[in-house]
Amino acid sequence: QGCMCGRCWGVPAVSAMGDKVGGCLDGLTGSGAKGPVGKPGEKGFKVCVCGGSTKIGKPLCLLLALDPRVAELCIQDLAITMPPPDVLAEDLQHVGIRCKVKPYALEAIQRPVDHLRECLTGCDLVIACAGWPNNGRTHSDILKLNGSVAKNVVEACALYCPDAIVGLIMNPLNSLVPAMAKLYEKAGLDPMKICGITTLDVVRANKFVHIETGVPIERVSVPVVGGHGGVSALPLFSQDPTAAKLTAATQEALVRHVQEGGAEVMKEMLGKCGATLSQAYACSRFAQAVLNGLGGTKTEECCFVKSSKCEGLGFFRFQGHLWPEWH
C-alpha cells in the first residue's frame, strides 16, 4: 500500500539476524505515547500544518503524510517561503503515501481568516509551527512578533474549524498558549483545544535515560511537567521505573540536560536556528496521540494547556489522556 516498513510488507517481527523489524509508526507511538494506535473514521483525518515550509514544518509534513490515518494533509505558508507550499506538496506527492496533499500559499499582506476557508474547514488537527525564531530577540520582541502570527492562525481556526485541536510550536509558548486560549474563550469555544506542544522535552528525557542505562527506549516514559523550556520544565524521573533507579546526582544532571537542551542545540547551530528534526519528530508524536484520542483510543502525552492541576497556575504542562476527553 505504498509503505516500505517491514510490517506492511509482511516481514516477520524478528529478522533472520534476530533484529526486531518494526512498523512504520512504531517510533512515533512508542517511547511515552502510551496506548495502541486509534482508528480514524471512514474518511480518515484532515490535518493542517501552518508554517509547513519552515525547517520544522517540512520534516513534520513528511512524518504526518506517512500516517495512514491522515486522509488529507494541508500545507500552509507564505508564498515567498522556500520551498513554497505548492513545491513542497508536489514533492510529497512523489512519495508512496495514501493521503492527499494540498498546498495553500498566502501573500504576506493576506490574513488567514480571509483566505483559508477551504484549507481549514473540516480539519481535525492544526499544528502551527510558523513564526519567528528567538535569534537573540528579547522576550517582548518575540512575543509581539509571534503573538501576531499565532493570533492570525487561531482566529482562522476559530472560524473555520472550531472543533479542531490546535497545537502551537511557537515561542514564547508559556505566554502564547494562555493568550490564544483566552481568545477562544471570548469566542465561546473550548480553551483546552489550544495546546502548547512540549513533547520535545519528553523525547529528550527518554533519550537521555536510554543513553545512560541502555534500556530500550520504548520502555522509557518520563513525564515532564511545569512550563515549556528552561527551569520551568521539570522531568519527573521518579515516575519512570528505569529512570528512578538512577542516582540522585545523575538525575540532577539529566534535569539540567533536558532544561538546557534547546540552548545546547542552538549553540551547535551557531545561533542560526534551534532544534528542527527532533522537534518535528516530537510534534509528530503529539499528533499521533491526538489522532489516537480522536479515533477513540485514550493515549497519554504531555502538553501545555489550561489546567487546574497545579493550584495558583491557570496553565500547566502535565501528562494526561488526549481526547476524546482531555484529563
# chains A, B, ... in the order shown; residues from 1 in each chain; ligands from 1
call {"tool": "residues_around", "arguments": {"residues": "Tyr104 (chain A)", "least_positions_apart": "2", "cutoff": "10 Å", "atoms": "only C-alpha atoms", "output": "list in words"}}
result
Cys48, Cys50, Gly52, Cys74, Ile75, Gln76, Asp77, Leu78, Ala79, Pro84, Pro85, Asp86, Ala89, Lys102, Leu106, His115, Leu116, Glu118 and Cys119 of chain A
call {"tool": "residues_around", "arguments": {"residues": "Ser232 (chain A)", "least_positions_apart": "6", "cutoff": "9 Å", "atoms": "only C-alpha atoms", "output": "CSV table (one decimal) with all heavy atoms, in the first residue's frame"}}
result
chain,number,residue,atom,x,y,z
A,225,VAL,N,6.7,17.9,33.5
A,225,VAL,CA,5.6,18.8,33.9
A,225,VAL,C,6.1,20.3,34.0
A,225,VAL,O,7.3,20.5,33.9
A,225,VAL,CB,4.9,18.3,35.2
A,225,VAL,CG1,4.4,16.9,35.1
A,225,VAL,CG2,6.0,18.4,36.4
A,226,GLY,N,5.1,21.2,34.3
A,226,GLY,CA,5.5,22.6,34.5
A,226,GLY,C,5.2,23.4,33.3
A,226,GLY,O,4.1,23.4,32.8
A,259,GLN,N,16.5,20.6,30.5
A,259,GLN,CA,16.2,22.1,30.6
A,259,GLN,C,17.0,22.9,29.6
A,259,GLN,O,16.6,23.9,29.1
A,259,GLN,CB,16.3,22.6,32.0
A,259,GLN,CG,15.3,22.0,33.0
A,259,GLN,CD,15.5,22.4,34.4
A,259,GLN,OE1,16.6,22.8,34.8
A,259,GLN,NE2,14.5,22.3,35.2
call {"tool": "residues_around", "arguments": {"residues": "region 204-210 of chain A", "least_positions_apart": "2", "cutoff": "8 Å", "atoms": "only C-alpha atoms", "output": "PyMOL selection string"}}
result
chain A and resi 31-32+200-202+212-217+220-222+235+242-243+254+258+261
call {"tool": "atom_distance", "arguments": {"atom1": "CA of Val177 (chain A)", "atom2": "CA of Met269 (chain A)"}}
result
26.8 Å
call {"tool": "closest_residue", "arguments": {"among": "A:Glu300, A:Asp240, A:Glu107, A:Glu185", "to": "Thr199 (chain A)", "atoms": "only C-alpha atoms"}}
result
A:Glu300
call {"tool": "closest_residue", "arguments": {"among": "A:Cys99, A:Ile197, A:Val49, A:Met180", "to": "Arg317 (chain A)", "atoms": "only C-alpha atoms"}}
result
A:Ile197
call {"tool": "residues_around", "arguments": {"residues": "Arg69 (chain A)", "least_positions_apart": "2", "cutoff": "7 Å", "atoms": "only C-alpha atoms", "output": "ChimeraX atom specification"}}
result
/A:40,44-45,67,71
call {"tool": "residues_around", "arguments": {"residues": "Ala287 (chain A)", "least_positions_apart": "6", "cutoff": "10 Å", "atoms": "only C-alpha atoms", "output": "ChimeraX atom specification"}}
result
/A:28-29,47,60,63-64,67,125-127,165,167,197,281,293,301
call {"tool": "write_last_selection", "arguments": {"atoms": "C-alpha atoms", "output": "PDB file, in the first residue's frame"}}
result
ATOM      1  CA  LEU A  28       6.164   7.579  16.894  1.00  0.00           C
ATOM      2  CA  THR A  29       3.682   5.679  19.025  1.00  0.00           C
ATOM      3  CA  VAL A  47      -4.566  17.693   9.294  1.00  0.00           C
ATOM      4  CA  LEU A  60       6.814  17.283  10.084  1.00  0.00           C
ATOM      5  CA  LEU A  63       6.019  12.336   9.057  1.00  0.00           C
ATOM      6  CA  LEU A  64       2.320  13.230   9.088  1.00  0.00           C
ATOM      7  CA  ASP A  67       0.465   8.135   8.862  1.00  0.00           C
ATOM      8  CA  LEU A 125      -5.846  18.835  13.918  1.00  0.00           C
ATOM      9  CA  VAL A 126      -3.976  22.053  13.116  1.00  0.00           C
ATOM     10  CA  ILE A 127      -0.300  22.423  14.008  1.00  0.00           C
ATOM     11  CA  ILE A 165      -7.226  20.593  18.176  1.00  0.00           C
ATOM     12  CA  GLY A 167      -1.177  22.689  18.578  1.00  0.00           C
ATOM     13  CA  ILE A 197       3.327  21.150  22.075  1.00  0.00           C
ATOM     14  CA  TYR A 281       9.629  14.160  15.442  1.00  0.00           C
ATOM     15  CA  GLY A 293      -7.713  10.059  21.026  1.00  0.00           C
ATOM     16  CA  GLU A 301       1.127  12.544  26.261  1.00  0.00           C
TER      17      GLU A 301
END
call {"tool": "select_by_dssp", "arguments": {"residues": "region 65-287 of chain A", "states": "strand (DSSP E or B)", "output": "ChimeraX atom specification"}}
result
/A:70-78,100-106,125-128,165-168,194-196,224-226,233-235
call {"tool": "decode", "arguments": {"residues": "region 79-123 of chain A", "atoms": "N, CA and C atoms", "output": "short mmCIF file (atom, residue, chain, number, x, y, z; two decimals), in the first residue's frame"}}
result
data_model
loop_
_atom_site.label_atom_id
_atom_site.label_comp_id
_atom_site.auth_asym_id
_atom_site.auth_seq_id
_atom_site.Cartn_x
_atom_site.Cartn_y
_atom_site.Cartn_z
N ALA A 79 3.76 32.57 0.40
CA ALA A 79 4.19 32.26 -0.97
C ALA A 79 5.68 32.53 -1.18
N ILE A 80 6.25 33.39 -0.34
CA ILE A 80 7.67 33.75 -0.52
C ILE A 80 8.63 32.77 0.15
N THR A 81 8.10 31.78 0.88
CA THR A 81 8.97 30.82 1.55
C THR A 81 9.64 29.90 0.53
N MET A 82 10.75 29.33 0.95
CA MET A 82 11.47 28.39 0.08
C MET A 82 11.67 27.06 0.82
N PRO A 83 11.13 25.97 0.24
CA PRO A 83 10.27 25.97 -0.95
C PRO A 83 8.86 26.43 -0.59
N PRO A 84 8.14 27.02 -1.54
CA PRO A 84 6.76 27.42 -1.27
C PRO A 84 5.89 26.18 -1.11
N PRO A 85 4.71 26.34 -0.51
CA PRO A 85 3.84 25.18 -0.24
C PRO A 85 3.53 24.31 -1.45
N ASP A 86 3.34 24.92 -2.63
CA ASP A 86 2.98 24.11 -3.80
C ASP A 86 4.14 23.19 -4.22
N VAL A 87 5.36 23.67 -4.10
CA VAL A 87 6.52 22.83 -4.43
C VAL A 87 6.67 21.71 -3.42
N LEU A 88 6.50 22.03 -2.14
CA LEU A 88 6.59 21.01 -1.09
C LEU A 88 5.53 19.94 -1.26
N ALA A 89 4.31 20.37 -1.59
CA ALA A 89 3.22 19.42 -1.81
C ALA A 89 3.50 18.51 -2.99
N GLU A 90 4.02 19.07 -4.08
CA GLU A 90 4.35 18.28 -5.26
C GLU A 90 5.44 17.26 -4.93
N ASP A 91 6.42 17.66 -4.13
CA ASP A 91 7.48 16.76 -3.71
C ASP A 91 6.91 15.59 -2.92
N LEU A 92 6.00 15.87 -2.00
CA LEU A 92 5.39 14.82 -1.18
C LEU A 92 4.52 13.88 -2.01
N GLN A 93 3.95 14.40 -3.09
CA GLN A 93 3.11 13.55 -3.93
C GLN A 93 3.92 12.47 -4.64
N HIS A 94 5.23 12.60 -4.66
CA HIS A 94 6.09 11.59 -5.27
C HIS A 94 6.50 10.50 -4.28
N VAL A 95 6.04 10.63 -3.04
CA VAL A 95 6.33 9.65 -2.00
C VAL A 95 5.19 8.65 -1.95
N GLY A 96 5.50 7.42 -1.59
CA GLY A 96 4.46 6.39 -1.53
C GLY A 96 3.55 6.56 -0.34
N ILE A 97 2.64 7.53 -0.41
CA ILE A 97 1.72 7.80 0.68
C ILE A 97 0.28 7.72 0.17
N ARG A 98 -0.63 7.56 1.10
CA ARG A 98 -2.04 7.42 0.75
C ARG A 98 -2.79 8.75 0.75
N CYS A 99 -2.36 9.68 1.58
CA CYS A 99 -3.16 10.89 1.78
C CYS A 99 -3.02 11.88 0.63
N LYS A 100 -4.02 12.72 0.49
CA LYS A 100 -3.98 13.83 -0.45
C LYS A 100 -3.20 14.96 0.21
N VAL A 101 -2.36 15.62 -0.56
CA VAL A 101 -1.58 16.75 -0.05
C VAL A 101 -1.98 18.00 -0.83
N LYS A 102 -2.44 19.01 -0.10
CA LYS A 102 -2.91 20.23 -0.76
C LYS A 102 -2.14 21.45 -0.22
N PRO A 103 -1.60 22.28 -1.11
CA PRO A 103 -0.87 23.47 -0.68
C PRO A 103 -1.77 24.70 -0.61
N TYR A 104 -1.45 25.58 0.34
CA TYR A 104 -2.17 26.85 0.45
C TYR A 104 -1.15 27.94 0.76
N ALA A 105 -0.92 28.81 -0.21
CA ALA A 105 0.08 29.87 -0.07
C ALA A 105 -0.61 31.23 0.05
N LEU A 106 -0.15 32.03 0.99
CA LEU A 106 -0.68 33.37 1.19
C LEU A 106 0.41 34.41 0.94
N GLU A 107 0.01 35.55 0.45
CA GLU A 107 0.92 36.68 0.38
C GLU A 107 1.03 37.28 1.79
N ALA A 108 2.11 37.98 2.04
CA ALA A 108 2.37 38.49 3.38
C ALA A 108 1.25 39.41 3.88
N ILE A 109 0.57 40.08 2.98
CA ILE A 109 -0.47 41.03 3.38
C ILE A 109 -1.84 40.36 3.55
N GLN A 110 -1.95 39.09 3.18
CA GLN A 110 -3.24 38.40 3.26
C GLN A 110 -3.43 37.77 4.65
N ARG A 111 -4.61 37.94 5.20
CA ARG A 111 -4.92 37.40 6.53
C ARG A 111 -5.50 35.99 6.39
N PRO A 112 -5.05 35.04 7.21
CA PRO A 112 -5.57 33.68 7.14
C PRO A 112 -7.09 33.61 7.27
N VAL A 113 -7.68 34.46 8.11
CA VAL A 113 -9.12 34.40 8.33
C VAL A 113 -9.90 34.75 7.07
N ASP A 114 -9.25 35.44 6.14
CA ASP A 114 -9.92 35.84 4.90
C ASP A 114 -9.68 34.86 3.75
N HIS A 115 -8.69 33.98 3.88
CA HIS A 115 -8.29 33.19 2.72
C HIS A 115 -8.12 31.68 2.99
N LEU A 116 -8.34 31.21 4.19
CA LEU A 116 -8.08 29.79 4.49
C LEU A 116 -9.34 28.99 4.80
N ARG A 117 -10.46 29.41 4.26
CA ARG A 117 -11.70 28.66 4.49
C ARG A 117 -11.56 27.22 4.01
N GLU A 118 -11.15 27.03 2.76
CA GLU A 118 -11.04 25.68 2.22
C GLU A 118 -9.96 24.88 2.94
N CYS A 119 -8.87 25.54 3.27
CA CYS A 119 -7.75 24.87 3.93
C CYS A 119 -8.14 24.32 5.29
N LEU A 120 -8.84 25.10 6.10
CA LEU A 120 -9.10 24.74 7.49
C LEU A 120 -10.43 24.04 7.73
N THR A 121 -11.39 24.24 6.86
CA THR A 121 -12.70 23.63 7.06
C THR A 121 -12.58 22.10 7.11
N GLY A 122 -13.11 21.53 8.17
CA GLY A 122 -13.08 20.07 8.32
C GLY A 122 -11.82 19.52 8.96
N CYS A 123 -10.90 20.39 9.35
CA CYS A 123 -9.66 19.91 9.97
C CYS A 123 -9.93 19.31 11.35
#
